[in-house]
Amino acid sequence: MSGTGGRQVVDQSVASAFTPRIVAFLCNWCSYAGSDKAGASQLVQPSSVVSIRLMCTGRMDPQFVVKAFDEGADGVLILGCHPGDCHYKEQNYRMIQRHRLFVRLLEAQSIEAERCRLEFVSASEGEKFARVVAETVEIIRKLGPRMAA
Amino acid sequence: MKTGVYWCRCGGIVSDRLDVAAVAQQLGPDAAYFKEVELACSDEGRSFIAQDITSERPDRVVVAACSPREHEGTFRAAAAAAGLNPFLVQLVNVREHVAWVTPDREEATTKALHLVRAASRRVAAQVPLERRMLDVSTDVMVVGAGPAGLRAALTLAEAGRKVVLVERDAIVGGMPLRYEDVFPRMECGPCLLEPLIGELFHGAHAERIEVLLLSEVIGLKGSLGRFTASIRLQPRHVSVSACIGCGECIPVCPVQYPNSFNYGQGERKAIDLVYIGGQPNAPHVDAVRCLRLSGGSDCHACRDACQVEGAIDLDEVERVEERTVGAIVLAVGGALFDVGRLAGLGHGTVPGVVSSLEAERMVASDGPTQGAVPSLPDRPPDVAIVHCVGSLDDRYRPYCSGVCCMSAFKLNRLIAHRAPGATFTHYTRSLAVAGKHEWDLYRQAREDPNTGFVGYGTVDELAVDTSASGRPAVTFRGATHEHDLVVLMGATVPSPGAGDLARILDVPVDRHGFFEEAHGTVDATRSKLRGVYLAGVCAGPMDIGRSMTQGAAAAGAALSALVPGRQLEIEPVRAQVDPARCSGCRSCIGVCPYQAIGWVDPVAEVNPTLCVGCGTCVATCPSGAMTGLNFTDEQIFAEISGILS
């Protein structure tokens with residue numbers, strides 16, 4: 001299922017000026033620690049990604065994604081421990097299953113699947129955290145503003 | 001709602017990189033007051049915040065500083081000192097998440113504003129949470145009286161704890177009783193255990209250890225601090241306290257059958273000692289074999305021969321008893337891979353082919369052959385030792401047990417010592433001889449002119465058959481060599497009862513069937529069920545030394561988890577069911593990785609001692625009946641809105 005239903009053809013000049021608003025949900029043990037490492041390493045990141053800390057991505061409720069888009073987010077980024085590394089045994093596998101559901105729910109509302117990104121960042125991957133944040137901003141920037149749809 | 005914001009300048013690191021005044025001004029009604037602190041985590045900073053909370057009396061507090069991983073506890077404590085519930089404080093990470101990663105001053109200011117506003121709205125939805133305290137039992141149940149269990153039980157008793165030691169066998173000691181010598185230092189196995197067993201029954205702390213033999217755990221309720229275990233005690237039919245250990249009852253018993261202690265080598269009676277020298281020194285009756293207990297015969301030859309009135313009670317019956325303990329150490333050991341599964345290697349079909357454990361008893365001076373190894377008349381024995389039987393093989397056991405090579409070189413050394421001139425052929429695939437003492441034993445084998453090594457690729461390349469002369473013969477790559485004895489070094493596998501015990505206790509096992517550690521590297525002493533600790537081979541293959549060390553480690557973990565006079569603190573960040581909204585679908589029970597959710601008909605119930613607050617059940621509940629305390633939907637929604645408004 002491709003998420004092109006609500007995609008707008010955005011004028012390139014508008015797109016490059018567009019600063020997307022992205023809400024990131026980080027698990028406490030791996031990804032939040034990774035974000036701290038990126039911070040302590042002073043790795044420059046786009047400021048448009050703002051993080052919310054959860055204890056585990058297993059807590060990630062579909063309603064949080066819906067709420068973020070309702071409130072005007074252009075994208076949602078979910079960051080958890082790598083598969084096999086979950087602090088709570090295997091809850092990030094449940095997140096992986098749920099993510100498939102999230103994107104189907106979004107597509108049903110004509111929101112592109114790419115706007116809800118799931119990635120894995122360990123406590124040592126400060127560099128990856130900064131890179132994923134930058135990549136996500138680029139992905140959403142190319143898609144254009146969500147509300148424009 | 002009065003929300004106070006404390007902004008840490010972090011010595012200028014944070015404040016110099018963005019416009020703090022603009023953040024304060026744009027917060028508007030989201031901050032009743034906004035105060036800058038030079039270094040909030042310093043003694044001065046914390047006492048300023050505490051004093052200021054006392055005078056300002058805010059309903060909620062936001063501290064904009066660094067990562068909650070670093071200082072959430074610090075500022076919660078400062079608030080608590082000022083009489084504000086610590087869960088009414090929210091920390092904002094404006095250092096790692098803003099100042100250090102956002103060079104543009106305007107962007108940094110905007111992001112900080114979003115984060116502080118989100119925290120302010122979130123904290124408004126937070127509610128006071130209390131740490132609950134529970135009274136606990138500090139007694140510990142140790143399951144298994146082998147090296148790991150003995151070390152755990154003695155360590156606990158030395159610390160003053162009451163211990164219930166549950167052992168399936170009729171004697172204590174476990175596997176080392178069977179070993180003439182143990183590697184790497186070639187010490188006598190029973191002798192190594194002797195001081196521990198002496199301490200157990202007669203030491204300074206012996207009265208604190210209740211030893212239950214011929215016993216098994218058959219049920220478990222409760223959780224850390226208050227487990228209730230049901231233990232089934234099989235009748236011994238011999239009173240340990242009355243019996244004088246004279247053995248008069250044994251020769252008169254008419255039933256004789258292969259001795260399981262020696263893996264079927266030699267024979268025993270239906271009333272017998274497991275092992276001469278075993279403790280306690282009293283025989284037991286095998287109810288399955290005893291004519292009277294199994295077949296309705298009226299035989300009582302043993303009772304008639306007994307010198308002590310009342311020492312033998314053939315009418316004793318099985319009983320089930322309960323014990324309440326705070327923690328459990330599992331030390332049930334393991335077993336040897338069934339080497340007979342590799343039919344081509346001839347175990348059970350070719351005379352002279354034995355498993356490593358059968359070889360241990362064969363070479364033992366108190367074993368069925370008093371240490372004699374088969375050989376041709378007037379010739380020293382020729383022994384083949386096949387390594388890695390069932391190991392490193394996806395069809396059987398994919399792992400290396402890490403102890404069989406050392407056992408093989410130990411057997412080599414023992415036999416060579418017993419039978420000078422004995423020759424050895426090691427069929428090896430991989431060698432594991434790591435450790436500071438291990439190398440010597442291997443080097444002795446390597447340098448011994450009577451010992452040879454043959455490398456094989458897969459076990460299928462080896463075939464063991466009976467030669468025309470009746471000896472076992474190994475065929476490898478077209479060449480056949482006759483031996484007197486072929487020893488198959490099997491992998492270490494979980495104990496046959498481990499799966500049932502895991503189900504009874506609800507303790508997870510790994511893909512190999514060993515009890516699974518909370519984390520194999522950083523938390524290998526704890527199981528995945530809180531309050532249940534692991535020691536020895538039940539958690540994975542290991543040698544006796546490491547099993548003993550793990551026994552001490554597990555005891556230490558249990559000692560620090562439960563301290564007499566100290567209550568157990570229940571973490572307030574956990575899940576909670578609203579019984580009025582629970583539809584009884586039980587989805588939460590299935591997803592909980594900690595067995596923390598039970599069923600109290602007709603609704604689910606969270607055990608606060610077991611819940612760790614991951615929140616998976618909250619996201620799973622279709623009725624909105626499950627709340628994640630301090631991570632409620634309302635709080636997360638408020639945070640999302642705060643970021644985006």
# chains A, B, ... in the order shown; residues from 1 in each chain; ligands from 1

$ interface_residues --of "chain A" --to "chain B" --cutoff "10 Å" --atoms "only C-alpha atoms" --output "count of residues only"
59

$ residues_around --residues "B:Leu330" --least-positions-apart "4" --cutoff "8 Å" --atoms "only C-alpha atoms" --output "VMD selection string"
chain B and resid 142 to 144 149 532 to 535 538

$ select_by_dssp --residues "stretch 64-243 of chain B" --states "strand (DSSP E or B)" --output "PyMOL selection string"
chain B and resi 64-65+89-93+132-134+140-143+163-166+172+182+187+209-212+215-223+226-233+238

$ residues_around --residues "B:Ile504" --least-positions-apart "4" --cutoff "10 Å" --atoms "only C-alpha atoms" --output "PyMOL selection string"
chain B and resi 217-221+229+498-500

$ select_by_dssp --residues "stretch 92-138 of chain A" --states "alpha helix (DSSP H)" --output "PyMOL selection string"
chain A and resi 92-108+126-138

$ write_last_selection --atoms "N, CA and C atoms" --output "short mmCIF file (atom, residue, chain, number, x, y, z; two decimals), in the first residue's frame"
data_model
loop_
_atom_site.label_atom_id
_atom_site.label_comp_id
_atom_site.auth_asym_id
_atom_site.auth_seq_id
_atom_site.Cartn_x
_atom_site.Cartn_y
_atom_site.Cartn_z
N ASN A 92 9.74 -3.72 21.97
CA ASN A 92 9.94 -3.01 20.71
C ASN A 92 9.46 -3.85 19.51
N TYR A 93 9.38 -5.17 19.69
CA TYR A 93 8.78 -5.99 18.62
C TYR A 93 7.28 -5.67 18.49
N ARG A 94 6.66 -5.42 19.64
CA ARG A 94 5.24 -5.03 19.58
C ARG A 94 5.11 -3.69 18.87
N MET A 95 6.10 -2.81 19.13
CA MET A 95 6.07 -1.52 18.45
C MET A 95 6.18 -1.71 16.94
N ILE A 96 7.03 -2.65 16.52
CA ILE A 96 7.20 -2.89 15.08
C ILE A 96 5.86 -3.36 14.49
N GLN A 97 5.19 -4.27 15.23
CA GLN A 97 3.87 -4.74 14.75
C GLN A 97 2.89 -3.58 14.70
N ARG A 98 2.89 -2.78 15.76
CA ARG A 98 1.92 -1.67 15.82
C ARG A 98 2.20 -0.64 14.74
N HIS A 99 3.46 -0.43 14.43
CA HIS A 99 3.80 0.58 13.42
C HIS A 99 3.14 0.25 12.09
N ARG A 100 3.09 -1.06 11.76
CA ARG A 100 2.42 -1.45 10.51
C ARG A 100 0.96 -1.02 10.55
N LEU A 101 0.38 -1.14 11.74
CA LEU A 101 -1.02 -0.75 11.92
C LEU A 101 -1.17 0.77 11.82
N PHE A 102 -0.22 1.48 12.47
CA PHE A 102 -0.27 2.95 12.47
C PHE A 102 -0.34 3.47 11.03
N VAL A 103 0.58 2.97 10.20
CA VAL A 103 0.67 3.56 8.86
C VAL A 103 -0.57 3.22 8.04
N ARG A 104 -1.18 2.06 8.32
CA ARG A 104 -2.44 1.76 7.61
C ARG A 104 -3.54 2.70 8.06
N LEU A 105 -3.56 2.98 9.37
CA LEU A 105 -4.56 3.93 9.88
C LEU A 105 -4.37 5.30 9.23
N LEU A 106 -3.11 5.71 9.11
CA LEU A 106 -2.81 7.02 8.55
C LEU A 106 -3.19 7.08 7.08
N GLU A 107 -2.85 6.01 6.37
CA GLU A 107 -3.16 5.99 4.94
C GLU A 107 -4.66 6.06 4.71
N ALA A 108 -5.41 5.44 5.63
CA ALA A 108 -6.87 5.52 5.52
C ALA A 108 -7.34 6.97 5.65
N GLY A 126 24.79 8.11 19.16
CA GLY A 126 24.51 9.54 19.09
C GLY A 126 24.55 10.05 17.66
N GLU A 127 25.53 9.57 16.94
CA GLU A 127 25.69 9.99 15.53
C GLU A 127 24.47 9.56 14.73
N LYS A 128 23.99 8.33 14.97
CA LYS A 128 22.83 7.85 14.23
C LYS A 128 21.59 8.68 14.58
N PHE A 129 21.48 9.03 15.86
CA PHE A 129 20.32 9.84 16.26
C PHE A 129 20.28 11.14 15.45
N ALA A 130 21.42 11.82 15.41
CA ALA A 130 21.47 13.10 14.70
C ALA A 130 21.17 12.90 13.21
N ARG A 131 21.69 11.80 12.66
CA ARG A 131 21.49 11.52 11.23
C ARG A 131 20.02 11.22 10.95
N VAL A 132 19.40 10.38 11.82
CA VAL A 132 18.00 10.01 11.61
C VAL A 132 17.10 11.26 11.70
N VAL A 133 17.42 12.12 12.66
CA VAL A 133 16.64 13.36 12.80
C VAL A 133 16.74 14.19 11.52
N ALA A 134 17.97 14.34 11.01
CA ALA A 134 18.17 15.15 9.80
C ALA A 134 17.47 14.52 8.60
N GLU A 135 17.60 13.19 8.48
CA GLU A 135 16.96 12.47 7.36
C GLU A 135 15.44 12.65 7.40
N THR A 136 14.91 12.54 8.61
CA THR A 136 13.45 12.62 8.75
C THR A 136 12.95 14.00 8.33
N VAL A 137 13.69 15.02 8.73
CA VAL A 137 13.30 16.37 8.32
C VAL A 137 13.30 16.46 6.80
N GLU A 138 14.29 15.87 6.14
CA GLU A 138 14.37 15.91 4.68
C GLU A 138 13.19 15.17 4.05
#

$ atom_distance --atom1 "atom CA of B:Cys400" --atom2 "atom CA of B:Val433"
11.6 Å

$ residues_around --residues "B:Ser356" --least-positions-apart "4" --cutoff "6 Å" --atoms "only C-alpha atoms" --output "ChimeraX atom specification"
/B:487-489

$ write_last_selection --atoms "C-alpha atoms" --output "mmCIF file, in the first residue's frame"
data_model
loop_
_atom_site.group_PDB
_atom_site.id
_atom_site.type_symbol
_atom_site.label_atom_id
_atom_site.label_comp_id
_atom_site.auth_asym_id
_atom_site.auth_seq_id
_atom_site.Cartn_x
_atom_site.Cartn_y
_atom_site.Cartn_z
ATOM 1 C CA VAL B 487 34.072 -42.043 25.334
ATOM 2 C CA LEU B 488 31.492 -39.677 23.823
ATOM 3 C CA MET B 489 31.773 -36.145 25.257
#
